[in-house]
Amino acid sequence: YGDFKDKNIIYLTLFPAKKLATVTPTAVQQYQQQNVRNNNTIQGCNWQGLYPTIRERNTVMFNNELMADIHFVVGPPGGTQRVPGHKYVLAVGSSVFHAMFYGELAEDKDEIRIPDVEPASFLAMLKYDFMSTDEIDLCADTVLATLYAAKKYIVPHLARACVNFLETSLSARNACVLLSQSCLFEEPDLTQRCWEVIDAQAELALRSEGFCDIDAQTLESILRRETLNAKEMVVLEAALSWAEAECHRQELQPSIENKRLVLGKNIYLIRIPAMALDDFANGVAQSGVLTLNETNDIFLWYTAAKKPELKFVCKPRKGLTPQRCHRFQSCAYRSNQWRYRGRCDSIQFAVDKRVFIAGFGLYGSSCGSAEYQAKIELKRQGSVTLGVAIIKYFSDGSSNTFPVFFEYPVQIEPDTFYTASVVLDGNELSYFGQEGMTEVQCGKVTFQFQCSSDSTNGTGVQGGQIPELIFYA
């Protein structure tokens, strides 16, 4: 690549601590002078001496014009960027680049245009070829585009890094969009993780902004889902929001008629007959989304002994069955325990797989039937509040646990400690747990428990309140 690249004879001349490739003694002198002039910078002939490993030298070559033997014009018209590349490095990292540069159909081009990939994502892919995976900086704004580039050019380890990033950042806010993309990219593991979030936190997912951006096929698959943990009224509202966005995409007025038009047969996947009659009569029936005949038939379906046939799915969704992690082996009561005076009962826990905490199981009165008001709270690492609810529950005097729920299930990530807390308000003493366990196996999920500094009413690992965590997995 230097001044003597066309010479046929190369002599290797040794100098103290340096090896220089030259052709003649005169050339050696020229080499030394040039090296001094350039002060060993990247433009100098001995820049390699500054970087002791091949990996470091490859890092220097990333996005560098030095020795570049191919250029890419990346991005759509009006937003292109010219990126230098090095064929050999790219070819050993991607079979597509290998075929492009060294295969039987290789073309001798100095410049390749790539209009369907964003420049930032293309650079991220090139950077992966020059460095190791753990040094790739992925971000939420570009990871999908980077995944597309990695799939297109068959860079499987980068694609895996992108999928791992997406799984880690998965939440109800982006689960529907990622579901659509995971199907497009044929990533079944990511698809399964998306379904787990959508099922457990269905109402949050359906109300997210990203839900309106999904394609019609993904909408259909969500509306067909038997395990959606959501009220059917929420499903209908989400479908109508999607239809309004789709009208804008198709440049249609978002009238109720056009919303019905773009929904097509998907309208019949909304289980309107499974709604409460009040919800139907005061909401759907007056919305205009149904025809007059459909409205009449559904009213008859609710009330008549001989029910008409409907195009709508009539059975309620099965939803998800909540699981319970019980951390005590026995419970008891005493004449002066367990008493509540506005103090906090709290316990810390961690899991080895992602779960969704729906609520807690609490003990009730040991002195006959009684009512309690409970303020339940869930925090990450004792500081970030993830969920709060204030609920009244009635206990019948038995030693059973009584469920109290958050408004929405709370997503819990593995290998991080969370704090479950409750402040109870009630005059009656209650049962309390004893013989507590530090580790409990619930199906495929392992829970670990430890004492919380927030607990001021005596609850700990060995005994106290919050005997159960109610969760979906």
# chains A, B, ... in the order shown; residues from 1 in each chain; ligands from 1
>>> residues_around(residues="segment 417-428 of chain A", least_positions_apart="5", cutoff="7 Å", atoms="only C-alpha atoms", output="PyMOL selection string")
chain A and resi 340-350+365+367+370-382
>>> write_last_selection(atoms="N, CA and C atoms", output="PDB file, in the first residue's frame")
ATOM      1  N   TYR A 340     -51.006  -4.273  64.072  1.00  0.00           N
ATOM      2  CA  TYR A 340     -50.724  -3.262  63.036  1.00  0.00           C
ATOM      3  C   TYR A 340     -51.025  -1.867  63.581  1.00  0.00           C
ATOM      4  N   ARG A 341     -50.019  -1.025  63.554  1.00  0.00           N
ATOM      5  CA  ARG A 341     -50.172   0.362  64.006  1.00  0.00           C
ATOM      6  C   ARG A 341     -49.517   1.300  63.008  1.00  0.00           C
ATOM      7  N   GLY A 342     -49.757   1.049  61.714  1.00  0.00           N
ATOM      8  CA  GLY A 342     -49.192   1.904  60.676  1.00  0.00           C
ATOM      9  C   GLY A 342     -47.751   1.602  60.349  1.00  0.00           C
ATOM     10  N   ARG A 343     -47.215   0.498  60.908  1.00  0.00           N
ATOM     11  CA  ARG A 343     -45.830   0.148  60.631  1.00  0.00           C
ATOM     12  C   ARG A 343     -45.749  -0.746  59.400  1.00  0.00           C
ATOM     13  N   CYS A 344     -44.560  -0.843  58.841  1.00  0.00           N
ATOM     14  CA  CYS A 344     -44.350  -1.508  57.553  1.00  0.00           C
ATOM     15  C   CYS A 344     -43.840  -2.937  57.744  1.00  0.00           C
ATOM     16  N   ASP A 345     -44.476  -3.864  57.050  1.00  0.00           N
ATOM     17  CA  ASP A 345     -43.967  -5.228  56.929  1.00  0.00           C
ATOM     18  C   ASP A 345     -43.359  -5.378  55.542  1.00  0.00           C
ATOM     19  N   SER A 346     -42.121  -5.855  55.497  1.00  0.00           N
ATOM     20  CA  SER A 346     -41.385  -5.834  54.231  1.00  0.00           C
ATOM     21  C   SER A 346     -40.444  -7.027  54.136  1.00  0.00           C
ATOM     22  N   ILE A 347     -40.217  -7.487  52.893  1.00  0.00           N
ATOM     23  CA  ILE A 347     -39.276  -8.571  52.625  1.00  0.00           C
ATOM     24  C   ILE A 347     -38.625  -8.342  51.266  1.00  0.00           C
ATOM     25  N   GLN A 348     -37.362  -8.692  51.141  1.00  0.00           N
ATOM     26  CA  GLN A 348     -36.679  -8.590  49.855  1.00  0.00           C
ATOM     27  C   GLN A 348     -36.641  -9.959  49.179  1.00  0.00           C
ATOM     28  N   PHE A 349     -36.708  -9.932  47.829  1.00  0.00           N
ATOM     29  CA  PHE A 349     -36.664 -11.187  47.084  1.00  0.00           C
ATOM     30  C   PHE A 349     -35.989 -10.971  45.741  1.00  0.00           C
ATOM     31  N   ALA A 350     -35.496 -12.066  45.161  1.00  0.00           N
ATOM     32  CA  ALA A 350     -34.912 -12.061  43.819  1.00  0.00           C
ATOM     33  C   ALA A 350     -35.339 -13.355  43.127  1.00  0.00           C
ATOM     34  N   SER A 365     -57.379 -11.783  59.849  1.00  0.00           N
ATOM     35  CA  SER A 365     -57.644 -11.737  61.283  1.00  0.00           C
ATOM     36  C   SER A 365     -57.619 -13.124  61.915  1.00  0.00           C
ATOM     37  N   CYS A 367     -58.963 -13.339  64.925  1.00  0.00           N
ATOM     38  CA  CYS A 367     -59.996 -13.136  65.952  1.00  0.00           C
ATOM     39  C   CYS A 367     -61.386 -13.026  65.327  1.00  0.00           C
ATOM     40  N   ALA A 370     -62.862  -9.841  59.782  1.00  0.00           N
ATOM     41  CA  ALA A 370     -62.439  -8.442  59.929  1.00  0.00           C
ATOM     42  C   ALA A 370     -62.035  -7.888  58.567  1.00  0.00           C
ATOM     43  N   GLU A 371     -62.039  -6.573  58.480  1.00  0.00           N
ATOM     44  CA  GLU A 371     -61.634  -5.903  57.243  1.00  0.00           C
ATOM     45  C   GLU A 371     -60.345  -5.135  57.495  1.00  0.00           C
ATOM     46  N   TYR A 372     -59.461  -5.169  56.507  1.00  0.00           N
ATOM     47  CA  TYR A 372     -58.188  -4.436  56.569  1.00  0.00           C
ATOM     48  C   TYR A 372     -58.057  -3.550  55.342  1.00  0.00           C
ATOM     49  N   GLN A 373     -57.361  -2.446  55.541  1.00  0.00           N
ATOM     50  CA  GLN A 373     -56.918  -1.646  54.394  1.00  0.00           C
ATOM     51  C   GLN A 373     -55.422  -1.858  54.240  1.00  0.00           C
ATOM     52  N   ALA A 374     -55.011  -2.192  53.025  1.00  0.00           N
ATOM     53  CA  ALA A 374     -53.604  -2.499  52.785  1.00  0.00           C
ATOM     54  C   ALA A 374     -53.037  -1.562  51.732  1.00  0.00           C
ATOM     55  N   LYS A 375     -51.888  -0.976  52.060  1.00  0.00           N
ATOM     56  CA  LYS A 375     -51.110  -0.252  51.056  1.00  0.00           C
ATOM     57  C   LYS A 375     -49.939  -1.142  50.684  1.00  0.00           C
ATOM     58  N   ILE A 376     -49.963  -1.678  49.455  1.00  0.00           N
ATOM     59  CA  ILE A 376     -48.892  -2.565  49.011  1.00  0.00           C
ATOM     60  C   ILE A 376     -47.977  -1.799  48.068  1.00  0.00           C
ATOM     61  N   GLU A 377     -46.700  -2.170  48.102  1.00  0.00           N
ATOM     62  CA  GLU A 377     -45.706  -1.448  47.301  1.00  0.00           C
ATOM     63  C   GLU A 377     -44.622  -2.423  46.854  1.00  0.00           C
ATOM     64  N   LEU A 378     -44.097  -2.175  45.667  1.00  0.00           N
ATOM     65  CA  LEU A 378     -43.008  -2.986  45.129  1.00  0.00           C
ATOM     66  C   LEU A 378     -41.926  -2.038  44.625  1.00  0.00           C
ATOM     67  N   LYS A 379     -40.695  -2.241  45.107  1.00  0.00           N
ATOM     68  CA  LYS A 379     -39.578  -1.375  44.733  1.00  0.00           C
ATOM     69  C   LYS A 379     -38.414  -2.207  44.231  1.00  0.00           C
ATOM     70  N   ARG A 380     -37.641  -1.629  43.312  1.00  0.00           N
ATOM     71  CA  ARG A 380     -36.428  -2.284  42.840  1.00  0.00           C
ATOM     72  C   ARG A 380     -35.247  -1.779  43.634  1.00  0.00           C
ATOM     73  N   GLN A 381     -34.467  -2.716  44.181  1.00  0.00           N
ATOM     74  CA  GLN A 381     -33.273  -2.421  44.974  1.00  0.00           C
ATOM     75  C   GLN A 381     -33.562  -1.413  46.077  1.00  0.00           C
ATOM     76  N   GLY A 382     -34.770  -1.462  46.599  1.00  0.00           N
ATOM     77  CA  GLY A 382     -35.137  -0.672  47.758  1.00  0.00           C
ATOM     78  C   GLY A 382     -35.373   0.797  47.507  1.00  0.00           C
TER      79      GLY A 382
END
>>> select_by_dssp(residues="segment 98-245 of chain A", states="strand (DSSP E or B)", output="PyMOL selection string")
chain A and resi 111-114
>>> write_last_selection(atoms="N, CA and C atoms", output="mmCIF file, in the first residue's frame")
data_model
loop_
_atom_site.group_PDB
_atom_site.id
_atom_site.type_symbol
_atom_site.label_atom_id
_atom_site.label_comp_id
_atom_site.auth_asym_id
_atom_site.auth_seq_id
_atom_site.Cartn_x
_atom_site.Cartn_y
_atom_site.Cartn_z
ATOM 1 N N GLU A 111 -16.874 1.067 -5.436
ATOM 2 C CA GLU A 111 -17.909 1.679 -4.601
ATOM 3 C C GLU A 111 -19.186 0.842 -4.697
ATOM 4 N N ILE A 112 -19.815 0.605 -3.550
ATOM 5 C CA ILE A 112 -21.050 -0.179 -3.489
ATOM 6 C C ILE A 112 -22.114 0.660 -2.779
ATOM 7 N N ARG A 113 -23.285 0.739 -3.398
ATOM 8 C CA ARG A 113 -24.378 1.514 -2.825
ATOM 9 C C ARG A 113 -25.301 0.590 -2.018
ATOM 10 N N ILE A 114 -25.658 1.036 -0.805
ATOM 11 C CA ILE A 114 -26.527 0.264 0.086
ATOM 12 C C ILE A 114 -27.625 1.212 0.586
#
>>> residues_around(residues="Tyr148 of chain A", least_positions_apart="3", cutoff="9 Å", atoms="only C-alpha atoms", output="ChimeraX atom specification")
/A:117,121,143-145,151-153,159,185
>>> residues_around(residues="Leu138 of chain A", least_positions_apart="6", cutoff="9 Å", atoms="only C-alpha atoms", output="PyMOL selection string")
chain A and resi 124+146+161-162+165
>>> write_last_selection(atoms="C-alpha atoms", output="tab-separated table (two decimals), in the first residue's frame")
chain	number	residue	atom	x	y	z
A	124	ALA	CA	-22.06	-0.70	13.94
A	146	THR	CA	-28.45	-2.95	13.27
A	161	ALA	CA	-25.97	-9.53	20.47
A	162	CYS	CA	-28.83	-7.41	19.08
A	165	PHE	CA	-30.08	-6.43	23.90
>>> select_by_dssp(residues="segment 207-428 of chain A", states="alpha helix (DSSP H)", output="ChimeraX atom specification")
/A:216-223,232-249,256-263,277-282,292-303
>>> closest_atom_pairs(of="segment 122-205 of chain A", to="segment 223-228 of chain A", cutoff="10 Å", atoms="only C-alpha atoms", output="Markdown table")
| residue | atom | partner | partner_atom | distance |
| --- | --- | --- | --- | --- |
| A:Trp195 | CA | A:Leu228 | CA | 9.1 |
| A:Glu196 | CA | A:Thr227 | CA | 9.6 |
| A:Val197 | CA | A:Leu228 | CA | 9.9 |
| A:Ile198 | CA | A:Leu228 | CA | 7.1 |
| A:Asp199 | CA | A:Leu228 | CA | 4.6 |
| A:Ala200 | CA | A:Leu228 | CA | 7.2 |
| A:Gln201 | CA | A:Leu228 | CA | 8.3 |
| A:Ala202 | CA | A:Leu228 | CA | 5.9 |
| A:Glu203 | CA | A:Leu228 | CA | 8.6 |
>>> write_last_selection(atoms="all heavy atoms", output="JSON list (two decimals), in the first residue's frame")
[["chain", "number", "residue", "atom", "x", "y", "z"],
["A", 195, "TRP", "N", -44.25, -12.51, 23.72],
["A", 195, "TRP", "CA", -45.56, -13.03, 24.10],
["A", 195, "TRP", "C", -45.70, -13.11, 25.62],
["A", 195, "TRP", "O", -46.79, -12.86, 26.17],
["A", 195, "TRP", "CB", -45.81, -14.39, 23.47],
["A", 195, "TRP", "CG", -46.29, -14.35, 22.05],
["A", 195, "TRP", "CD1", -45.74, -14.99, 20.99],
["A", 195, "TRP", "CD2", -47.44, -13.65, 21.55],
["A", 195, "TRP", "NE1", -46.47, -14.72, 19.84],
["A", 195, "TRP", "CE2", -47.51, -13.91, 20.16],
["A", 195, "TRP", "CE3", -48.40, -12.83, 22.13],
["A", 195, "TRP", "CZ2", -48.51, -13.38, 19.35],
["A", 195, "TRP", "CZ3", -49.40, -12.29, 21.33],
["A", 195, "TRP", "CH2", -49.45, -12.57, 19.96],
["A", 196, "GLU", "N", -44.64, -13.47, 26.30],
["A", 196, "GLU", "CA", -44.70, -13.55, 27.76],
["A", 196, "GLU", "C", -45.05, -12.19, 28.37],
["A", 196, "GLU", "O", -45.87, -12.10, 29.30],
["A", 196, "GLU", "CB", -43.37, -14.05, 28.32],
["A", 196, "GLU", "CG", -43.10, -15.52, 28.00],
["A", 196, "GLU", "CD", -41.69, -15.94, 28.37],
["A", 196, "GLU", "OE1", -40.92, -15.08, 28.89],
["A", 196, "GLU", "OE2", -41.32, -17.11, 28.14],
["A", 197, "VAL", "N", -44.43, -11.13, 27.85],
["A", 197, "VAL", "CA", -44.71, -9.78, 28.35],
["A", 197, "VAL", "C", -46.12, -9.35, 27.97],
["A", 197, "VAL", "O", -46.88, -8.81, 28.79],
["A", 197, "VAL", "CB", -43.67, -8.78, 27.81],
["A", 197, "VAL", "CG1", -44.04, -7.36, 28.19],
["A", 197, "VAL", "CG2", -42.28, -9.12, 28.34],
["A", 198, "ILE", "N", -46.51, -9.58, 26.71],
["A", 198, "ILE", "CA", -47.83, -9.14, 26.23],
["A", 198, "ILE", "C", -48.93, -9.86, 26.99],
["A", 198, "ILE", "O", -49.94, -9.26, 27.38],
["A", 198, "ILE", "CB", -47.95, -9.36, 24.71],
["A", 198, "ILE", "CG1", -46.99, -8.44, 23.97],
["A", 198, "ILE", "CG2", -49.38, -9.13, 24.24],
["A", 198, "ILE", "CD1", -46.85, -8.75, 22.50],
["A", 199, "ASP", "N", -48.78, -11.17, 27.21],
["A", 199, "ASP", "CA", -49.81, -11.91, 27.94],
["A", 199, "ASP", "C", -49.97, -11.39, 29.36],
["A", 199, "ASP", "O", -51.08, -11.14, 29.82],
["A", 199, "ASP", "CB", -49.44, -13.40, 27.98],
["A", 199, "ASP", "CG", -49.74, -14.12, 26.68],
["A", 199, "ASP", "OD1", -50.52, -13.58, 25.87],
["A", 199, "ASP", "OD2", -49.20, -15.22, 26.46],
["A", 200, "ALA", "N", -48.85, -11.24, 30.07],
["A", 200, "ALA", "CA", -48.91, -10.88, 31.49],
["A", 200, "ALA", "C", -49.30, -9.42, 31.70],
["A", 200, "ALA", "O", -50.03, -9.09, 32.63],
["A", 200, "ALA", "CB", -47.57, -11.16, 32.16],
["A", 201, "GLN", "N", -48.82, -8.53, 30.83],
["A", 201, "GLN", "CA", -49.10, -7.10, 30.97],
["A", 201, "GLN", "C", -49.90, -6.61, 29.77],
["A", 201, "GLN", "O", -49.62, -5.56, 29.18],
["A", 201, "GLN", "CB", -47.79, -6.32, 31.10],
["A", 201, "GLN", "CG", -46.99, -6.68, 32.35],
["A", 201, "GLN", "CD", -45.72, -5.86, 32.47],
["A", 201, "GLN", "OE1", -44.85, -5.90, 31.60],
["A", 201, "GLN", "NE2", -45.59, -5.10, 33.55],
["A", 202, "ALA", "N", -50.95, -7.35, 29.43],
["A", 202, "ALA", "CA", -51.68, -7.09, 28.19],
["A", 202, "ALA", "C", -52.26, -5.69, 28.13],
["A", 202, "ALA", "O", -52.16, -5.02, 27.10],
["A", 202, "ALA", "CB", -52.79, -8.14, 28.03],
["A", 203, "GLU", "N", -52.85, -5.23, 29.19],
["A", 203, "GLU", "CA", -53.50, -3.91, 29.13],
["A", 203, "GLU", "C", -52.47, -2.80, 28.94],
["A", 203, "GLU", "O", -52.71, -1.84, 28.20],
["A", 203, "GLU", "CB", -54.35, -3.69, 30.38],
["A", 203, "GLU", "CG", -55.54, -4.66, 30.46],
["A", 203, "GLU", "CD", -56.55, -4.28, 31.51],
["A", 203, "GLU", "OE1", -56.34, -3.26, 32.21],
["A", 203, "GLU", "OE2", -57.56, -5.00, 31.65]]
>>> residues_around(residues="Arg324 of chain A", least_positions_apart="6", cutoff="9 Å", atoms="only C-alpha atoms", output="ChimeraX atom specification")
/A:360-361,442,468-472
>>> residues_around(residues="Ile214 of chain A", least_positions_apart="5", cutoff="12 Å", atoms="only C-alpha atoms", output="PyMOL selection string")
chain A and resi 174-184+205-206+208-209+219-222+238-239+241-243+245-246+249
>>> write_last_selection(atoms="N, CA and C atoms", output="CSV table (one decimal), in the first residue's frame")
chain,number,residue,atom,x,y,z
A,174,ASN,N,-42.7,-1.7,24.6
A,174,ASN,CA,-42.2,-2.0,23.3
A,174,ASN,C,-42.5,-3.4,22.8
A,175,ALA,N,-43.2,-4.2,23.6
A,175,ALA,CA,-43.3,-5.6,23.3
A,175,ALA,C,-44.1,-5.9,22.0
A,176,CYS,N,-45.1,-5.1,21.7
A,176,CYS,CA,-45.9,-5.3,20.5
A,176,CYS,C,-45.0,-5.0,19.3
A,177,VAL,N,-44.3,-3.9,19.3
A,177,VAL,CA,-43.4,-3.6,18.1
A,177,VAL,C,-42.3,-4.7,18.0
A,178,LEU,N,-41.7,-5.1,19.1
A,178,LEU,CA,-40.7,-6.1,19.0
A,178,LEU,C,-41.3,-7.5,18.6
A,179,LEU,N,-42.5,-7.7,18.9
A,179,LEU,CA,-43.2,-9.0,18.4
A,179,LEU,C,-43.2,-8.9,16.9
A,180,SER,N,-43.6,-7.8,16.4
A,180,SER,CA,-43.7,-7.7,14.9
A,180,SER,C,-42.3,-7.9,14.3
A,181,GLN,N,-41.3,-7.2,14.8
A,181,GLN,CA,-40.0,-7.3,14.3
A,181,GLN,C,-39.4,-8.7,14.5
A,182,SER,N,-39.6,-9.4,15.6
A,182,SER,CA,-39.1,-10.7,15.8
A,182,SER,C,-39.6,-11.7,14.8
A,183,CYS,N,-40.9,-11.5,14.4
A,183,CYS,CA,-41.4,-12.4,13.4
A,183,CYS,C,-40.8,-12.1,12.1
A,184,LEU,N,-40.6,-10.8,11.8
A,184,LEU,CA,-40.0,-10.5,10.5
A,184,LEU,C,-38.5,-11.0,10.4
A,205,ALA,N,-49.5,-3.2,27.4
A,205,ALA,CA,-49.0,-3.4,26.1
A,205,ALA,C,-50.0,-2.8,25.0
A,206,LEU,N,-51.3,-3.1,25.2
A,206,LEU,CA,-52.3,-2.7,24.3
A,206,LEU,C,-52.5,-1.1,24.3
A,208,SER,N,-50.0,0.9,24.9
A,208,SER,CA,-48.7,1.6,24.6
A,208,SER,C,-48.8,2.3,23.2
A,209,GLU,N,-48.0,3.3,23.0
A,209,GLU,CA,-47.9,4.0,21.7
A,209,GLU,C,-47.5,3.1,20.6
A,219,LEU,N,-51.3,-7.5,14.5
A,219,LEU,CA,-52.6,-7.2,15.1
A,219,LEU,C,-53.5,-8.4,15.2
A,220,GLU,N,-53.6,-9.1,14.1
A,220,GLU,CA,-54.5,-10.3,14.1
A,220,GLU,C,-54.0,-11.3,15.1
A,221,SER,N,-52.7,-11.6,15.1
A,221,SER,CA,-52.2,-12.6,16.0
A,221,SER,C,-52.4,-12.2,17.5
A,222,ILE,N,-52.3,-10.9,17.8
A,222,ILE,CA,-52.6,-10.5,19.2
A,222,ILE,C,-54.1,-10.6,19.5
A,238,ALA,N,-58.0,-0.6,22.0
A,238,ALA,CA,-56.7,-0.7,21.4
A,238,ALA,C,-56.9,-0.9,19.9
A,239,ALA,N,-57.8,-1.8,19.5
A,239,ALA,CA,-58.0,-2.1,18.1
A,239,ALA,C,-58.5,-0.8,17.3
A,241,SER,N,-57.8,2.3,18.3
A,241,SER,CA,-56.7,3.2,18.2
A,241,SER,C,-55.8,2.8,17.0
A,242,TRP,N,-55.5,1.5,16.9
A,242,TRP,CA,-54.7,1.0,15.8
A,242,TRP,C,-55.4,1.4,14.5
A,243,ALA,N,-56.7,1.2,14.4
A,243,ALA,CA,-57.4,1.5,13.1
A,243,ALA,C,-57.3,3.0,12.8
A,245,ALA,N,-54.8,5.0,13.5
A,245,ALA,CA,-53.4,5.1,13.0
A,245,ALA,C,-53.3,4.6,11.6
A,246,GLU,N,-54.0,3.4,11.3
A,246,GLU,CA,-53.9,2.8,10.0
A,246,GLU,C,-54.6,3.7,8.9
A,249,ARG,N,-52.2,6.2,7.9
A,249,ARG,CA,-51.2,5.6,7.0
A,249,ARG,C,-51.7,5.4,5.6
>>> atom_distance(atom1="atom CA of Ala120 of chain A", atom2="atom CA of Asp137 of chain A")
11.2 Å
>>> atom_distance(atom1="atom CA of Tyr363 of chain A", atom2="atom CA of Phe447 of chain A")
20.0 Å
>>> closest_residue(among="A:Val440, A:Leu269, A:Leu263, A:Ala172", to="Cys194 of chain A", atoms="only C-alpha atoms")
A:Ala172
>>> atom_distance(atom1="atom CA of Ser395 of chain A", atom2="atom CA of Ser452 of chain A")
26.1 Å
>>> closest_atom_pairs(of="segment 204-268 of chain A", to="segment 294-311 of chain A", cutoff="10 Å", atoms="only C-alpha atoms", output="Markdown table")
| residue | atom | partner | partner_atom | distance |
| --- | --- | --- | --- | --- |
| A:Lys265 | CA | A:Lys311 | CA | 9.4 |
| A:Ile267 | CA | A:Lys311 | CA | 9.5 |
| A:Tyr268 | CA | A:Lys311 | CA | 6.1 |
>>> closest_residue(among="A:Arg160, A:Arg55, A:Lys109, A:Arg334", to="His71 of chain A", atoms="only C-alpha atoms")
A:Lys109
